[in-house]
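*Asks:* What follows is a single structure, and I will ask about it in a moment.
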Amino acid sequence: MAGAAGLVAAMTTGGDAVASAVRQGGGDDRLARGELRGVWIATVANLDWPSKKGLTAAAQQAELIAHLDRAVELRLNAVVLQVRPTADALWPSPYEPWADCLTGVQGQDPGWDPLATAVREAHDRGLELHAWFNPYRVANHTDPARLAASHPARRNPDWVLSYGGKLYYNPGLPEVRRFVQDAMLDAVRRYEIDAVHWDDYFYPYPVAGEAFKDDAAYERYGGGFKDKAAWRRDNVDRLVREMGERIRETRQGVRFGISPFAVWRNKATDPLGSDTRAGVETYDDLHADTRKWVKEGWIDYIAPQIYWHIGLATADYAKVLAWWAATVRGTGVGLYVGEALYKAGDPAQPAPWQDPAELSRHLTLARDHEEVGGHIFFSAKHVAADRIGAMARVVADHYQDRVRAPR
């Protein structure tokens, strides 16, 4: 980590005209009013933290604090910590068992309260803590017997559907919708988190040749809808709208943000859609009407995962960014761009991702859209490793000074 600081200090900052203008005091007032600079810390399958299951409490804490210190070193101001990865919890929840990413055994007390520690240590460092929840995912396997005996999915097997090798709560059941809200709101009520954050998983991503078997729920609750797709979208709409209302009722000042897959609909599908040819459209495939949530003001911010390079034929970063800027314009909903740091230097990725300056160009481009209030980088282990110096380049070009997160 100390080496990374030296790398940042040594980086040249030429080639970024807009960033240079900001450094010289012109061109962009977003720094004065706040700019989100965030990093996702994923816990599902131990993607970022803890580095492996079964570490001692002290070792887990040390790793978490290292991620927070790294964020400060890079002049970030927010961490998005995954605290409910698979319908389990990184705090002592009365609703769900302890997450197995901690001890390796779902339901086993790790001997400390990770969420409480994360909130305290983040705030002590001037970082916001956005608590990241996954509403419907139950397990990355299909065997309920592998869940903790106390798991609500085992106590309520009729809530659960198997699809694509995973277990999910059925979004079409009102009792499920209420339960998952209650489980998440427990953290809002008990901890001084700065935001509730959801990712891109609503109805599951489509699996070829497999049906999501919610026919019984549709038959029971789908009257009045033109088709199952409309009913499914209404189920997710209700979850989003109700959660936003309940967060505000529970604790004032806690924001509600969602980070969806970045294509709502392609223009060929809907003239209101983006100029893309993406293989997934959230409206149709995940039954997530992300544009509606913004237009209705049900959420406080949206962080689309624009995980593509500038110039990609099927989904050009520049075109998707412009579409989202236009979508949030005048709504009062914040726009923070999800950035694919994990692709930088990955030999499996195309040539633009082998260039350490690709991500920096994303931030330069975003300066042309006043609606963009910041960026979030996926993910913490890639921020720490910074394989080809892409994050260092972002810091050198754009993050010369620490700024507060927008409120």
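Identifiers in this document derive from the order of the structure tokens: chains are assigned A, B, ..., residues are numbered from 1 separately in each chain, and ligands are numbered from 1 in order of occurrence.
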Applying 8 Å and only C-alpha atoms, which residues near Ala344 in chain A remain after dropping the ones on its own chain fewer than 6 positions away? List them as a list of chain:residue names.

*Replies:*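 Near neighbours after the sequence-gap exclusion: A:Trp353, A:Gln354, A:Asp355, A:Pro356, A:Arg387, A:Ile388, A:Ala390.
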
*Asks:* Can you tell me which residues surround Pro171 in chain A at a distance of at most 8 Å, considering only C-alpha atoms, apart from same-chain residues fewer than 4 positions away, and format the answer as a list in words?

*Replies:*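 Here the answer would be Tyr136, Val176, Arg177, Tyr203, Arg232, Asn235 and Val236 of chain A.
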
*Asks:* Closest to Ile310 in chain A among A:Ala268, A:Leu363, A:Val44, A:Leu115, using only C-alpha atoms?

*Replies:*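 The closest residue to Ile310 in chain A is A:Leu363.
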
*Asks:* If we count only C-alpha atoms and set the cut-off at 12 Å, which residues sit around Gly373 in chain A, ignoring sequence neighbours fewer than 2 positions away in its own chain? Please answer as a ChimeraX atom specification.

*Replies:* /A:28-38,301-303,324-325,328-329,332-338,363,366-371,375-376,404-407

*Asks:* Go ahead and write the selection's residues with C-alpha atoms as a tab-separated table (two decimals), in the first residue's frame.

*Replies:*
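Here's the written file out38.tsv:
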```tsv
chain	number	residue	atom	x	y	z
A	28	ASP	CA	-16.60	22.22	-12.79
A	29	ASP	CA	-18.28	23.20	-9.52
A	30	ARG	CA	-19.02	19.62	-8.49
A	31	LEU	CA	-15.91	19.47	-6.34
A	32	ALA	CA	-17.23	22.38	-4.30
A	33	ARG	CA	-20.61	20.79	-3.70
A	34	GLY	CA	-19.33	17.26	-3.25
A	35	GLU	CA	-18.40	14.33	-5.46
A	36	LEU	CA	-18.84	10.66	-4.62
A	37	ARG	CA	-15.67	8.62	-4.90
A	38	GLY	CA	-16.56	5.12	-3.83
A	301	TYR	CA	-29.26	7.90	-6.32
A	302	ILE	CA	-28.64	5.50	-9.16
A	303	ALA	CA	-25.23	4.00	-9.94
A	324	TRP	CA	-28.23	8.19	-17.92
A	325	ALA	CA	-27.31	11.87	-17.61
A	328	VAL	CA	-31.71	11.83	-14.23
A	329	ARG	CA	-31.82	15.43	-15.46
A	332	GLY	CA	-33.18	15.34	-8.14
A	333	VAL	CA	-31.84	11.77	-8.22
A	334	GLY	CA	-28.05	11.53	-7.95
A	335	LEU	CA	-26.05	9.81	-10.68
A	336	TYR	CA	-22.87	7.95	-9.73
A	337	VAL	CA	-21.21	5.81	-12.39
A	338	GLY	CA	-20.16	2.24	-11.65
A	363	LEU	CA	-13.93	10.43	-15.59
A	366	ALA	CA	-18.12	12.48	-17.25
A	367	ARG	CA	-17.04	16.08	-16.61
A	368	ASP	CA	-19.02	16.99	-19.71
A	369	HIS	CA	-22.22	15.85	-17.98
A	370	GLU	CA	-23.08	18.01	-15.00
A	371	GLU	CA	-25.55	15.38	-13.78
A	375	HIS	CA	-17.99	7.23	-9.53
A	376	ILE	CA	-17.81	3.89	-7.70
A	404	ARG	CA	-16.67	15.39	0.78
A	405	ALA	CA	-19.32	13.06	-0.54
A	406	PRO	CA	-22.46	14.81	-1.84
A	407	ARG	CA	-25.47	15.04	0.45
```

*Asks:* In Å, rounded to a single decimal, give me how far CA of Ala131 in chain A is from CA of Ile193 in chain A.

*Replies:* 6.5 Å

*Asks:* Please identify the strand (DSSP E) residues within range 207-366 of chain A (assignment by DSSP from backbone atoms) and present them as an MDAnalysis selection string.

*Replies:* chainID A and resid 255:258 301:302 334:339

*Asks:* Would you output that residue set with all heavy atoms, as an mmCIF file, in the first residue's frame?

*Replies:*
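Result went into out-v1.cif, see below:
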```cif
data_model
loop_
_atom_site.group_PDB
_atom_site.id
_atom_site.type_symbol
_atom_site.label_atom_id
_atom_site.label_comp_id
_atom_site.auth_asym_id
_atom_site.auth_seq_id
_atom_site.Cartn_x
_atom_site.Cartn_y
_atom_site.Cartn_z
ATOM 1 N N ARG A 255 -29.777 7.607 2.754
ATOM 2 C CA ARG A 255 -30.172 7.609 1.355
ATOM 3 C C ARG A 255 -30.414 6.182 0.856
ATOM 4 O O ARG A 255 -29.996 5.211 1.481
ATOM 5 C CB ARG A 255 -29.095 8.297 0.522
ATOM 6 C CG ARG A 255 -29.110 9.814 0.675
ATOM 7 C CD ARG A 255 -27.858 10.434 0.108
ATOM 8 N NE ARG A 255 -26.699 10.084 0.918
ATOM 9 C CZ ARG A 255 -25.442 10.089 0.464
ATOM 10 N NH1 ARG A 255 -25.198 10.389 -0.805
ATOM 11 N NH2 ARG A 255 -24.441 9.786 1.259
ATOM 12 N N PHE A 256 -31.060 6.100 -0.273
ATOM 13 C CA PHE A 256 -31.388 4.818 -0.888
ATOM 14 C C PHE A 256 -30.874 4.855 -2.314
ATOM 15 O O PHE A 256 -31.324 5.671 -3.123
ATOM 16 C CB PHE A 256 -32.904 4.617 -0.856
ATOM 17 C CG PHE A 256 -33.387 3.306 -1.426
ATOM 18 C CD1 PHE A 256 -32.592 2.168 -1.455
ATOM 19 C CD2 PHE A 256 -34.683 3.211 -1.934
ATOM 20 C CE1 PHE A 256 -33.061 0.973 -1.977
ATOM 21 C CE2 PHE A 256 -35.164 2.018 -2.458
ATOM 22 C CZ PHE A 256 -34.349 0.896 -2.482
ATOM 23 N N GLY A 257 -29.917 3.974 -2.617
ATOM 24 C CA GLY A 257 -29.331 3.944 -3.940
ATOM 25 C C GLY A 257 -29.349 2.551 -4.542
ATOM 26 O O GLY A 257 -29.303 1.546 -3.822
ATOM 27 N N ILE A 258 -29.423 2.485 -5.856
ATOM 28 C CA ILE A 258 -29.443 1.209 -6.573
ATOM 29 C C ILE A 258 -28.416 1.266 -7.696
ATOM 30 O O ILE A 258 -28.290 2.279 -8.392
ATOM 31 C CB ILE A 258 -30.847 0.903 -7.126
ATOM 32 C CG1 ILE A 258 -31.837 0.715 -5.964
ATOM 33 C CG2 ILE A 258 -30.829 -0.345 -8.013
ATOM 34 C CD1 ILE A 258 -33.273 0.455 -6.384
ATOM 35 N N TYR A 301 -30.298 7.899 -5.298
ATOM 36 C CA TYR A 301 -29.261 7.896 -6.322
ATOM 37 C C TYR A 301 -29.312 6.599 -7.115
ATOM 38 O O TYR A 301 -29.826 5.585 -6.658
ATOM 39 C CB TYR A 301 -27.862 8.124 -5.738
ATOM 40 C CG TYR A 301 -27.247 7.002 -4.919
ATOM 41 C CD1 TYR A 301 -26.664 5.878 -5.539
ATOM 42 C CD2 TYR A 301 -27.174 7.089 -3.530
ATOM 43 C CE1 TYR A 301 -26.060 4.874 -4.791
ATOM 44 C CE2 TYR A 301 -26.569 6.092 -2.775
ATOM 45 C CZ TYR A 301 -26.007 4.986 -3.411
ATOM 46 O OH TYR A 301 -25.408 3.984 -2.681
ATOM 47 N N ILE A 302 -28.787 6.684 -8.323
ATOM 48 C CA ILE A 302 -28.638 5.498 -9.163
ATOM 49 C C ILE A 302 -27.183 5.426 -9.611
ATOM 50 O O ILE A 302 -26.563 6.450 -9.922
ATOM 51 C CB ILE A 302 -29.608 5.512 -10.357
ATOM 52 C CG1 ILE A 302 -29.691 4.117 -10.989
ATOM 53 C CG2 ILE A 302 -29.269 6.583 -11.379
ATOM 54 C CD1 ILE A 302 -31.018 3.791 -11.608
ATOM 55 N N GLY A 334 -29.479 11.486 -7.682
ATOM 56 C CA GLY A 334 -28.055 11.535 -7.952
ATOM 57 C C GLY A 334 -27.629 10.469 -8.947
ATOM 58 O O GLY A 334 -28.223 9.388 -9.007
ATOM 59 N N LEU A 335 -26.596 10.757 -9.707
ATOM 60 C CA LEU A 335 -26.046 9.809 -10.681
ATOM 61 C C LEU A 335 -24.578 9.579 -10.361
ATOM 62 O O LEU A 335 -23.757 10.503 -10.452
ATOM 63 C CB LEU A 335 -26.198 10.347 -12.106
ATOM 64 C CG LEU A 335 -25.518 9.541 -13.221
ATOM 65 C CD1 LEU A 335 -26.060 8.114 -13.276
ATOM 66 C CD2 LEU A 335 -25.695 10.241 -14.577
ATOM 67 N N TYR A 336 -24.249 8.358 -9.973
ATOM 68 C CA TYR A 336 -22.870 7.947 -9.733
ATOM 69 C C TYR A 336 -22.588 6.770 -10.667
ATOM 70 O O TYR A 336 -23.399 5.845 -10.757
ATOM 71 C CB TYR A 336 -22.659 7.519 -8.279
ATOM 72 C CG TYR A 336 -23.209 8.500 -7.264
ATOM 73 C CD1 TYR A 336 -23.937 8.058 -6.165
ATOM 74 C CD2 TYR A 336 -23.024 9.872 -7.418
ATOM 75 C CE1 TYR A 336 -24.446 8.950 -5.237
ATOM 76 C CE2 TYR A 336 -23.543 10.776 -6.495
ATOM 77 C CZ TYR A 336 -24.262 10.305 -5.407
ATOM 78 O OH TYR A 336 -24.775 11.188 -4.494
ATOM 79 N N VAL A 337 -21.485 6.800 -11.355
ATOM 80 C CA VAL A 337 -21.208 5.808 -12.388
ATOM 81 C C VAL A 337 -20.402 4.650 -11.810
ATOM 82 O O VAL A 337 -19.344 4.854 -11.216
ATOM 83 C CB VAL A 337 -20.440 6.447 -13.557
ATOM 84 C CG1 VAL A 337 -20.185 5.403 -14.646
ATOM 85 C CG2 VAL A 337 -21.221 7.629 -14.116
ATOM 86 N N GLY A 338 -20.913 3.430 -12.019
ATOM 87 C CA GLY A 338 -20.163 2.238 -11.649
ATOM 88 C C GLY A 338 -19.082 1.974 -12.676
ATOM 89 O O GLY A 338 -19.353 1.908 -13.887
ATOM 90 N N GLU A 339 -17.829 1.820 -12.211
ATOM 91 C CA GLU A 339 -16.676 1.685 -13.093
ATOM 92 C C GLU A 339 -16.023 0.312 -12.935
ATOM 93 O O GLU A 339 -15.798 -0.163 -11.824
ATOM 94 C CB GLU A 339 -15.639 2.777 -12.786
ATOM 95 C CG GLU A 339 -16.143 4.200 -12.967
ATOM 96 C CD GLU A 339 -16.262 4.608 -14.432
ATOM 97 O OE1 GLU A 339 -15.839 3.828 -15.304
ATOM 98 O OE2 GLU A 339 -16.783 5.711 -14.698
#
```

*Asks:* Using DSSP on the backbone coordinates, identify the residues of range 108-197 of chain A assigned to helix (DSSP H, G or I); present them as number ranges by chain.

*Replies:* A: 114-124, 144-146, 152-155, 157-159, 174-190

*Asks:* Which residues, written as a list in words, have at least one atom at most 7 Å from Asp194 in chain A, with only C-alpha atoms counted and residues fewer than 6 positions away on the same chain left out?

*Replies:* Glu128, Leu129, His130, Val254 and Arg255 of chain A

*Asks:* Take the residues from that selection and write them out as a tab-separated table (two decimals), in the first residue's frame, keeping C-alpha atoms.

*Replies:*
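Result file follows (selection-v1.tsv):
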```
chain	number	residue	atom	x	y	z
A	128	GLU	CA	-19.30	7.27	4.18
A	129	LEU	CA	-20.52	3.72	4.74
A	130	HIS	CA	-23.15	2.56	2.27
A	254	VAL	CA	-30.20	7.63	5.15
A	255	ARG	CA	-30.17	7.61	1.35
```

*Asks:* Can you pull out the residues contacting Trp132 in chain A? Cut-off 10 Å, using only C-alpha atoms, and skip same-chain residues under 3 positions away; I want them as JSON, numbers by chain.

*Replies:* {"A": [40, 41, 42, 43, 79, 80, 81, 82, 83, 84, 85, 129, 135, 184, 195, 196, 197, 198, 199, 257, 258, 259]}
